[in-house]
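> The structure file upload39.pdb (PDB, C-alpha atoms) is provided below.
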ATOM      1  CA  MET A   1      22.395  -4.189  66.881
ATOM      2  CA  ASN A   2      26.102  -3.371  66.950
ATOM      3  CA  ILE A   3      26.645  -5.165  63.666
ATOM      4  CA  LEU A   4      23.681  -3.401  62.066
ATOM      5  CA  LEU A   5      25.023  -0.066  63.259
ATOM      6  CA  ILE A   6      28.498  -0.750  61.877
ATOM      7  CA  LEU A   7      27.043  -1.920  58.550
ATOM      8  CA  GLY A   8      24.898   1.220  58.403
ATOM      9  CA  ILE A   9      27.873   3.478  59.068
ATOM     10  CA  ILE A  10      29.982   1.715  56.420
ATOM     11  CA  SER A  11      27.118   2.020  53.892
ATOM     12  CA  VAL A  12      26.706   5.756  54.530
ATOM     13  CA  PHE A  13      30.466   6.274  54.237
ATOM     14  CA  LEU A  14      30.693   4.317  50.979
ATOM     15  CA  TYR A  15      27.703   6.137  49.496
ATOM     16  CA  ILE A  16      29.157   9.575  50.289
ATOM     17  CA  PHE A  17      32.612   8.532  49.094
ATOM     18  CA  ILE A  18      31.294   7.218  45.767
ATOM     19  CA  VAL A  19      29.239  10.366  45.161
ATOM     20  CA  LEU A  20      32.168  12.618  46.054
ATOM     21  CA  ASN A  21      34.494  10.643  43.794
ATOM     22  CA  SER A  22      32.065  10.923  40.876
ATOM     23  CA  ILE A  23      31.648  14.668  41.279
ATOM     24  CA  ASP A  24      35.374  15.243  41.732
ATOM     25  CA  LYS A  25      36.211  13.212  38.636
ATOM     26  CA  PHE A  26      33.573  15.118  36.730
ATOM     27  CA  TYR A  27      34.801  18.527  37.839
ATOM     28  CA  ARG A  28      38.370  17.701  36.927
ATOM     29  CA  GLY A  29      37.120  17.402  33.350
ATOM     30  CA  ARG A  30      35.516  20.828  33.375
ATOM     31  CA  LEU A  31      36.349  23.475  30.815
ATOM     32  CA  LEU A  32      36.269  27.219  31.302
ATOM     33  CA  ILE A  33      34.439  29.471  28.877
ATOM     34  CA  GLU A  34      37.582  31.582  28.892
ATOM     35  CA  SER A  35      39.438  28.664  27.321
ATOM     36  CA  ILE A  36      37.276  28.742  24.208
ATOM     37  CA  ASN A  37      39.422  29.335  21.161
ATOM     38  CA  ASP A  38      39.754  27.834  17.686
ATOM     39  CA  SER A  39      41.780  24.896  18.942
ATOM     40  CA  PHE A  40      39.157  24.202  21.615
ATOM     41  CA  LEU A  41      36.381  24.315  19.043
ATOM     42  CA  ASN A  42      38.279  22.123  16.587
ATOM     43  CA  THR A  43      38.339  19.538  19.332
ATOM     44  CA  PHE A  44      34.824  19.938  20.583
ATOM     45  CA  CYS A  45      32.817  21.084  17.545
ATOM     46  CA  GLY A  46      29.962  18.641  17.238
ATOM     47  CA  GLU A  47      30.404  17.399  20.787
ATOM     48  CA  LEU A  48      27.616  17.955  23.218
ATOM     49  CA  LEU A  49      28.463  20.574  25.791
ATOM     50  CA  LEU A  50      26.527  22.242  28.527
ATOM     51  CA  THR A  51      27.197  25.120  30.824
ATOM     52  CA  ASP A  52      26.684  25.177  34.513
ATOM     53  CA  GLU A  53      26.724  28.351  36.623
ATOM     54  CA  GLN A  54      27.403  30.164  33.320
ATOM     55  CA  ASP A  55      31.177  29.923  33.504
ATOM     56  CA  LEU A  56      31.899  26.238  33.191
ATOM     57  CA  ILE A  57      31.271  23.860  30.334
ATOM     58  CA  PHE A  58      30.733  20.150  30.504
ATOM     59  CA  ARG A  59      30.427  17.382  27.995
ATOM     60  CA  LEU A  60      26.855  16.198  28.040
ATOM     61  CA  ASP A  61      27.637  12.475  27.852
ATOM     62  CA  GLU A  62      29.796  12.740  30.960
ATOM     63  CA  TYR A  63      27.172  14.874  32.597
ATOM     64  CA  ILE A  64      24.440  12.328  31.941
ATOM     65  CA  ASN A  65      26.625   9.574  33.392
ATOM     66  CA  LEU A  66      27.023  11.666  36.503
ATOM     67  CA  ILE A  67      23.321  12.403  36.696
ATOM     68  CA  LYS A  68      22.595   8.701  36.530
ATOM     69  CA  GLN A  69      25.046   7.987  39.314
ATOM     70  CA  ILE A  70      23.860  10.702  41.650
ATOM     71  CA  GLU A  71      20.283  11.167  40.544
ATOM     72  CA  ARG A  72      19.027  11.457  44.056
ATOM     73  CA  LEU A  73      21.526  14.166  44.922
ATOM     74  CA  LYS A  74      20.351  16.591  42.202
ATOM     75  CA  TYR A  75      23.592  18.477  42.480
ATOM     76  CA  HIS A  76      23.564  20.376  39.201
ATOM     77  CA  SER A  77      21.035  22.432  37.316
ATOM     78  CA  PRO A  78      22.184  22.610  33.700
ATOM     79  CA  SER A  79      21.269  25.712  31.765
ATOM     80  CA  LEU A  80      22.448  25.441  28.203
ATOM     81  CA  VAL A  81      23.938  22.994  25.712
ATOM     82  CA  THR A  82      25.108  22.919  22.147
ATOM     83  CA  PHE A  83      24.311  19.917  19.998
ATOM     84  CA  LYS A  84      24.841  18.390  16.592
ATOM     85  CA  LYS A  85      22.373  19.478  13.933
ATOM     86  CA  ASN A  86      20.899  16.000  13.654
ATOM     87  CA  PHE A  87      20.623  15.544  17.394
ATOM     88  CA  PHE A  88      16.866  15.990  17.478
ATOM     89  CA  ASP A  89      16.373  13.410  14.719
ATOM     90  CA  ASN A  90      16.604  10.924  17.537
ATOM     91  CA  GLU A  91      13.413  11.031  19.589
ATOM     92  CA  GLU A  92      15.142   9.557  22.629
ATOM     93  CA  ASN A  93      17.634  12.439  22.651
ATOM     94  CA  SER A  94      14.852  15.020  22.469
ATOM     95  CA  GLU A  95      13.073  13.411  25.398
ATOM     96  CA  LEU A  96      16.303  13.312  27.371
ATOM     97  CA  LEU A  97      16.892  17.036  26.984
ATOM     98  CA  VAL A  98      13.323  17.786  28.024
ATOM     99  CA  LYS A  99      13.648  15.465  31.005
ATOM    100  CA  LEU A 100      16.853  17.139  32.146
ATOM    101  CA  HIS A 101      15.367  20.638  31.615
ATOM    102  CA  ILE A 102      18.312  21.574  29.411
ATOM    103  CA  LYS A 103      18.097  24.719  27.309
ATOM    104  CA  THR A 104      19.771  24.484  23.951
ATOM    105  CA  ILE A 105      21.201  26.605  21.154
ATOM    106  CA  PRO A 106      21.079  25.297  17.568
ATOM    107  CA  CYS A 107      24.776  24.626  17.030
ATOM    108  CA  ILE A 108      28.216  25.995  17.705
ATOM    109  CA  ILE A 109      28.453  29.262  15.819
ATOM    110  CA  CYS A 110      30.825  28.670  13.006
ATOM    111  CA  VAL A 111      31.861  31.197  10.400
ATOM    112  CA  ASN A 112      32.741  29.579   7.092
ATOM    113  CA  CYS A 113      32.545  26.134   8.624
ATOM    114  CA  ASN A 114      32.708  24.337   5.292
ATOM    115  CA  LYS A 115      35.889  26.048   4.168
ATOM    116  CA  ASN A 116      38.325  26.539   6.981
ATOM    117  CA  ASN A 117      36.573  26.106  10.315
ATOM    118  CA  LYS A 118      36.886  29.693  11.509
ATOM    119  CA  TYR A 119      34.800  30.127  14.598
ATOM    120  CA  ASP A 120      33.152  33.192  16.017
ATOM    121  CA  THR A 121      34.557  32.617  19.494
ATOM    122  CA  TYR A 122      33.305  35.958  20.804
ATOM    123  CA  GLY A 123      29.769  35.113  19.714
ATOM    124  CA  ILE A 124      29.988  31.693  21.335
ATOM    125  CA  LYS A 125      31.144  33.164  24.635
ATOM    126  CA  GLU A 126      28.308  35.690  24.485
ATOM    127  CA  TYR A 127      25.795  32.897  23.875
ATOM    128  CA  LEU A 128      27.142  30.841  26.738
ATOM    129  CA  ASN A 129      27.341  33.770  29.125
ATOM    130  CA  LYS A 130      23.806  34.918  28.441
ATOM    131  CA  GLY A 131      22.449  31.406  28.614
ATOM    132  CA  VAL A 132      20.059  32.079  25.743
ATOM    133  CA  GLY A 133      17.921  29.643  23.818
ATOM    134  CA  ASP A 134      15.232  27.094  24.588
TER     135      ASP A 134
ATOM    136  CA  MET B 135       5.166   7.871  89.954
ATOM    137  CA  ILE B 136       7.957   8.156  87.422
ATOM    138  CA  ASN B 137      11.096   9.564  88.967
ATOM    139  CA  ILE B 138      13.205  11.385  86.380
ATOM    140  CA  SER B 139      16.245  13.258  87.596
ATOM    141  CA  ILE B 140      17.205  16.702  86.352
ATOM    142  CA  ASN B 141      20.415  15.143  84.985
ATOM    143  CA  THR B 142      18.462  12.812  82.723
ATOM    144  CA  ILE B 143      16.288  15.640  81.447
ATOM    145  CA  LEU B 144      19.339  17.794  80.701
ATOM    146  CA  GLU B 145      21.078  14.855  79.045
ATOM    147  CA  TRP B 146      18.112  14.308  76.723
ATOM    148  CA  ILE B 147      17.667  18.000  75.938
ATOM    149  CA  PHE B 148      21.359  18.377  75.024
ATOM    150  CA  SER B 149      21.318  15.149  73.028
ATOM    151  CA  ILE B 150      18.238  16.149  71.011
ATOM    152  CA  LEU B 151      19.693  19.604  70.326
ATOM    153  CA  LEU B 152      22.986  18.083  69.146
ATOM    154  CA  ALA B 153      21.154  15.506  67.038
ATOM    155  CA  LEU B 154      19.108  18.201  65.270
ATOM    156  CA  LEU B 155      22.149  20.429  64.765
ATOM    157  CA  PHE B 156      24.336  17.667  63.361
ATOM    158  CA  TYR B 157      21.579  16.201  61.201
ATOM    159  CA  LYS B 158      20.902  19.575  59.584
ATOM    160  CA  ASN B 159      24.613  20.181  59.141
ATOM    161  CA  ALA B 160      25.177  16.721  57.659
ATOM    162  CA  MET B 161      22.315  17.192  55.182
ATOM    163  CA  LYS B 162      23.763  20.534  54.062
ATOM    164  CA  LYS B 163      27.168  18.943  53.587
ATOM    165  CA  LYS B 164      25.657  16.042  51.669
ATOM    166  CA  HIS B 165      23.750  18.381  49.340
ATOM    167  CA  HIS B 166      26.793  20.625  48.824
ATOM    168  CA  ILE B 167      29.331  17.844  48.978
ATOM    169  CA  PHE B 168      31.710  19.307  46.410
ATOM    170  CA  SER B 169      31.656  22.716  48.066
ATOM    171  CA  PHE B 170      32.550  21.039  51.361
ATOM    172  CA  TYR B 171      35.347  19.089  49.704
ATOM    173  CA  LYS B 172      36.740  22.190  47.977
ATOM    174  CA  SER B 173      36.609  24.294  51.123
ATOM    175  CA  MET B 174      38.442  21.553  53.021
ATOM    176  CA  SER B 175      41.066  21.560  50.285
ATOM    177  CA  GLU B 176      41.529  25.310  50.747
ATOM    178  CA  TYR B 177      42.353  24.937  54.409
ATOM    179  CA  ARG B 178      46.093  25.034  55.030
ATOM    180  CA  PHE B 179      46.181  21.428  56.079
ATOM    181  CA  PHE B 180      44.846  19.294  53.243
ATOM    182  CA  LYS B 181      45.657  18.725  49.613
ATOM    183  CA  GLU B 182      43.122  17.650  47.015
ATOM    184  CA  GLY B 183      43.203  13.953  46.301
ATOM    185  CA  LEU B 184      42.108  10.564  47.465
ATOM    186  CA  ALA B 185      43.083  11.157  51.102
ATOM    187  CA  LEU B 186      40.969  14.313  51.289
ATOM    188  CA  ARG B 187      38.039  12.586  49.591
ATOM    189  CA  VAL B 188      38.216   9.874  52.248
ATOM    190  CA  ILE B 189      38.519  12.440  55.065
ATOM    191  CA  SER B 190      35.610  14.531  53.714
ATOM    192  CA  SER B 191      33.393  11.459  53.388
ATOM    193  CA  LEU B 192      34.396  10.369  56.880
ATOM    194  CA  LEU B 193      33.584  13.773  58.377
ATOM    195  CA  ILE B 194      30.131  13.871  56.757
ATOM    196  CA  THR B 195      29.504  10.279  57.889
ATOM    197  CA  CYS B 196      30.539  11.249  61.431
ATOM    198  CA  ASP B 197      27.967  14.069  61.380
ATOM    199  CA  PHE B 198      25.228  11.601  60.412
ATOM    200  CA  VAL B 199      26.408   9.063  62.993
ATOM    201  CA  ILE B 200      26.443  11.667  65.773
ATOM    202  CA  ALA B 201      22.976  12.901  64.782
ATOM    203  CA  LEU B 202      21.496   9.420  64.948
ATOM    204  CA  VAL B 203      23.441   7.506  67.573
ATOM    205  CA  ILE B 204      23.485  10.212  70.258
ATOM    206  CA  LEU B 205      19.779   9.485  70.682
ATOM    207  CA  ILE B 206      20.538   5.887  71.763
ATOM    208  CA  PRO B 207      21.437   6.065  75.488
ATOM    209  CA  ILE B 208      23.843   3.100  75.571
ATOM    210  CA  TYR B 209      26.047   4.618  72.855
ATOM    211  CA  ARG B 210      25.856   8.162  74.184
ATOM    212  CA  PRO B 211      29.214   8.271  76.050
ATOM    213  CA  ALA B 212      31.119   6.932  73.044
ATOM    214  CA  ILE B 213      29.364   9.312  70.651
ATOM    215  CA  SER B 214      30.005  12.250  72.979
ATOM    216  CA  LEU B 215      33.702  11.405  72.846
ATOM    217  CA  LEU B 216      33.505  11.213  69.047
ATOM    218  CA  GLY B 217      31.779  14.612  69.045
ATOM    219  CA  ILE B 218      34.481  16.098  71.240
ATOM    220  CA  ALA B 219      37.165  14.663  68.942
ATOM    221  CA  ILE B 220      35.425  16.089  65.845
ATOM    222  CA  GLN B 221      35.030  19.512  67.451
ATOM    223  CA  LEU B 222      38.693  19.457  68.539
ATOM    224  CA  PHE B 223      39.714  18.576  64.994
ATOM    225  CA  TYR B 224      37.710  21.487  63.537
ATOM    226  CA  PHE B 225      38.986  23.771  66.311
ATOM    227  CA  PHE B 226      42.570  22.983  65.309
ATOM    228  CA  ILE B 227      41.734  23.526  61.621
ATOM    229  CA  MET B 228      40.048  26.859  62.374
ATOM    230  CA  ILE B 229      42.936  28.096  64.481
ATOM    231  CA  ILE B 230      45.530  27.471  61.774
ATOM    232  CA  ASN B 231      43.217  28.980  59.144
ATOM    233  CA  TYR B 232      42.073  31.981  61.131
ATOM    234  CA  ASN B 233      40.733  34.780  58.880
ATOM    235  CA  LEU B 234      40.949  32.542  55.831
ATOM    236  CA  TYR B 235      38.494  33.462  53.085
ATOM    237  CA  SER B 236      37.223  30.469  51.117
ATOM    238  CA  ASP B 237      36.312  30.994  47.458
ATOM    239  CA  ASN B 238      34.602  27.657  46.978
ATOM    240  CA  ASN B 239      32.648  27.478  50.210
ATOM    241  CA  CYS B 240      28.912  27.919  49.617
ATOM    242  CA  GLY B 241      28.587  29.531  53.050
ATOM    243  CA  CYS B 242      25.664  27.230  53.732
ATOM    244  CA  PHE B 243      27.175  24.918  56.341
ATOM    245  CA  ILE B 244      25.751  25.523  59.757
ATOM    246  CA  ILE B 245      28.806  24.700  61.864
ATOM    247  CA  ASN B 246      32.497  23.847  61.586
ATOM    248  CA  THR B 247      33.141  24.840  57.954
ATOM    249  CA  PRO B 248      32.532  28.586  57.759
ATOM    250  CA  TYR B 249      32.809  30.829  54.721
ATOM    251  CA  SER B 250      35.600  32.708  56.474
ATOM    252  CA  VAL B 251      37.009  31.643  59.827
ATOM    253  CA  SER B 252      36.259  34.230  62.493
ATOM    254  CA  PHE B 253      36.342  34.469  66.287
ATOM    255  CA  LYS B 254      32.578  33.870  66.360
ATOM    256  CA  ASP B 255      32.953  30.534  64.521
ATOM    257  CA  ILE B 256      35.641  29.385  66.936
ATOM    258  CA  THR B 257      33.427  30.370  69.891
ATOM    259  CA  ILE B 258      30.501  28.390  68.453
ATOM    260  CA  ASN B 259      32.826  25.420  67.930
ATOM    261  CA  LEU B 260      33.963  25.560  71.555
ATOM    262  CA  SER B 261      30.378  25.913  72.790
ATOM    263  CA  ILE B 262      29.336  22.764  70.936
ATOM    264  CA  MET B 263      32.361  20.972  72.353
ATOM    265  CA  PHE B 264      31.268  22.091  75.822
ATOM    266  CA  VAL B 265      27.757  20.679  75.210
ATOM    267  CA  PHE B 266      29.297  17.332  74.173
ATOM    268  CA  MET B 267      31.388  17.348  77.351
ATOM    269  CA  SER B 268      28.261  18.055  79.404
ATOM    270  CA  VAL B 269      26.440  15.137  77.773
ATOM    271  CA  PHE B 270      29.419  12.884  78.450
ATOM    272  CA  VAL B 271      29.643  13.886  82.132
ATOM    273  CA  LEU B 272      25.861  13.621  82.641
ATOM    274  CA  THR B 273      25.802  10.190  81.000
ATOM    275  CA  ILE B 274      28.591   8.552  82.984
ATOM    276  CA  LYS B 275      27.382   9.994  86.320
TER     277      LYS B 275
END
Let me see the file written as C-alpha cells.


Amino acid sequence: MNILLILGIISVFLYIFIVLNSIDKFYRGRLLIESINDSFLNTFCGELLLTDEQDLIFRLDEYINLIKQIERLKYHSPSLVTFKKNFFDNEENSELLVKLHIKTIPCIICVNCNKNNKYDTYGIKEYLNKGVGD
Amino acid sequence: MINISINTILEWIFSILLALLFYKNAMKKKHHIFSFYKSMSEYRFFKEGLALRVISSLLITCDFVIALVILIPIYRPAISLLGIAIQLFYFFIMIINYNLYSDNNCGCFIINTPYSVSFKDITINLSIMFVFMSVFVLTIK
C-alpha cells in the first residue's frame, strides 16, 4: 500500500507539473493587442491568431497543441481568431474551429495589401477588442 | 456494544472537514493552475521559473495528498504534521506579504492563497493549523 501511495503521489505531481509547464511555456509566447503595429502584422499576417480574455493573442497552432496536452483541464475559452483566406478550403480545419467553439473574422484587415502592406491597426484592435464575428 | 470514544469521533470529524476543505482547495488550484502559479510568483519570496513551477506543483500535490490520506487512520499523524508544515509555510508567506494585492490571483482559492493578504486570512490559516494540531494530538493519544 505504501508503494502504491508513493506512486500515486508521484503521478499526481508529474501530471500537475507537466500541465503547469505547458501553460507557462504557452503564456510566455503570448502577445498583447497593444503590441499590434505594422511590424507585428508583417510578421504575423497570414498566421492563425486567437484572442483570449480580449487582451491577449495566441497563435492557433500553439494553442491547439496546448489544448491537446491539457484537454481535460479546459483552461481556456477562445473567443476569436483570424485566418488565411483559404483556411476553410480544408474541411478538417473548418471542423476543428467548430469543435473548439472559435469565433472567426475573415482575415487581418489590410489596407492596400497588394501594394505596400499598410495595415489598419486601429481597425484590427477594434475587431479584437469587440470580439466580433462568427 | 461498540465503544467509540469522544476522541475518536472528534478525530474523524476534524479529519473529514480537513479532507473536504483541502480537496476543494486543491481542485480550485488545479483548475486555475496558472493563476496560482502567477500569484505565487508575485509573493515577495519566489521568482518565476523552474523552481517555482516545481514548488507550485508540489503545493497542489500536497493539498490532494492531505485531502485523501488524512482519511486513512494509520497515516493520519504523518499527514497532520505535513498539514502543519504547509500551514506554517503559508503563514510565513502571508506575514512577509501582508497587505499585498495580487493582480493575477483569480480570488477563487479557498485558503492559503488570498487575493490580498489580510488579517482575516492569517487568522483562518492559524485556525486550520490548530485543527491539524488537534488531529495530531488526538491521533497519538

> So the first atom is CA of Leu144 (chain B) and the second is CA of Arg210 (chain B); what is the distance between them in Å, to one decimal place?

13.3 Å

> Of the candidates A:Asp24, A:Asn2, A:Tyr15, A:Leu7, which one gets nearest to Leu186 (chain B) if we count all atoms listed in the file?

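Result for the nearest residue to Leu186 (chain B): A:Asp24.
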
> When the cut-off is 8 Å and we count all atoms listed in the file, which residues of chain B are near chain A, given as a list in words?

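Taken together, these residues fit the definition: Lys164, His165, His166, Ile167, Phe168, Arg187, Val188, Ser191, Leu192, Ile194, Thr195 and Val199 of chain B.
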
> I'd like the interatomic distance between CA of Arg178 (chain B) and CA of Leu154 (chain B), to a tenth of an Å.

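Straight-line distance from CA of Arg178 (chain B) to CA of Leu154 (chain B) works out to 29.7 Å.
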
> Hey, can you check how far CA of Phe180 (chain B) sits from CA of Asn239 (chain B)?

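Computing it gives 15.0 Å between the two atoms.
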
> Run the PyMOL selection byres ((chain B and resi 205) around 12) on the file and write out the hits as an mmCIF file with C-alpha atoms, in the coordinates of the input.


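Saved to out10.cif:
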data_model
loop_
_atom_site.group_PDB
_atom_site.id
_atom_site.type_symbol
_atom_site.label_atom_id
_atom_site.label_comp_id
_atom_site.auth_asym_id
_atom_site.auth_seq_id
_atom_site.Cartn_x
_atom_site.Cartn_y
_atom_site.Cartn_z
ATOM 1 C CA GLU B 145 21.078 14.855 79.045
ATOM 2 C CA TRP B 146 18.112 14.308 76.723
ATOM 3 C CA ILE B 147 17.667 18.000 75.938
ATOM 4 C CA PHE B 148 21.359 18.377 75.024
ATOM 5 C CA SER B 149 21.318 15.149 73.028
ATOM 6 C CA ILE B 150 18.238 16.149 71.011
ATOM 7 C CA LEU B 151 19.693 19.604 70.326
ATOM 8 C CA LEU B 152 22.986 18.083 69.146
ATOM 9 C CA ALA B 153 21.154 15.506 67.038
ATOM 10 C CA LEU B 154 19.108 18.201 65.270
ATOM 11 C CA PHE B 156 24.336 17.667 63.361
ATOM 12 C CA TYR B 157 21.579 16.201 61.201
ATOM 13 C CA PHE B 198 25.228 11.601 60.412
ATOM 14 C CA VAL B 199 26.408 9.063 62.993
ATOM 15 C CA ILE B 200 26.443 11.667 65.773
ATOM 16 C CA ALA B 201 22.976 12.901 64.782
ATOM 17 C CA LEU B 202 21.496 9.420 64.948
ATOM 18 C CA VAL B 203 23.441 7.506 67.573
ATOM 19 C CA ILE B 204 23.485 10.212 70.258
ATOM 20 C CA ILE B 206 20.538 5.887 71.763
ATOM 21 C CA PRO B 207 21.437 6.065 75.488
ATOM 22 C CA ILE B 208 23.843 3.100 75.571
ATOM 23 C CA TYR B 209 26.047 4.618 72.855
ATOM 24 C CA ARG B 210 25.856 8.162 74.184
ATOM 25 C CA PRO B 211 29.214 8.271 76.050
ATOM 26 C CA ALA B 212 31.119 6.932 73.044
ATOM 27 C CA ILE B 213 29.364 9.312 70.651
ATOM 28 C CA SER B 214 30.005 12.250 72.979
ATOM 29 C CA VAL B 269 26.440 15.137 77.773
ATOM 30 C CA THR B 273 25.802 10.190 81.000
#

> Taking (40.3, 31.7, 60.4) in the file's coordinates, which residues come within 9 Å, counting all atoms listed in the file, written as a list in words?

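Answer for this query, in the requested form: Ile227, Met228, Ile229, Ile230, Asn231, Tyr232, Asn233, Leu234, Tyr235, Pro248, Ser250, Val251, Ser252, Phe253, Asp255 and Ile256 of chain B.
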
> Tell me which of B:Ile244, B:Leu272, B:Asn259, B:Leu222 sits closest to Lys158 (chain B), counting all atoms listed in the file.

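Counting all atoms listed in the file, the residue closest to Lys158 (chain B) is B:Ile244.
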
> Which residue gives the smallest distance to Phe170 (chain B) among B:Cys242, B:Ile140, B:Leu184, B:Ile220, with all atoms listed in the file counted?

B:Cys242

> Expanded to explicit residues, what is the PyMOL selection byres ((chain B and resi 262) around 10) for this file, as a VMD selection string?

chain B and resid 148 152 155 217 to 218 221 245 to 246 256 to 261 263 to 268
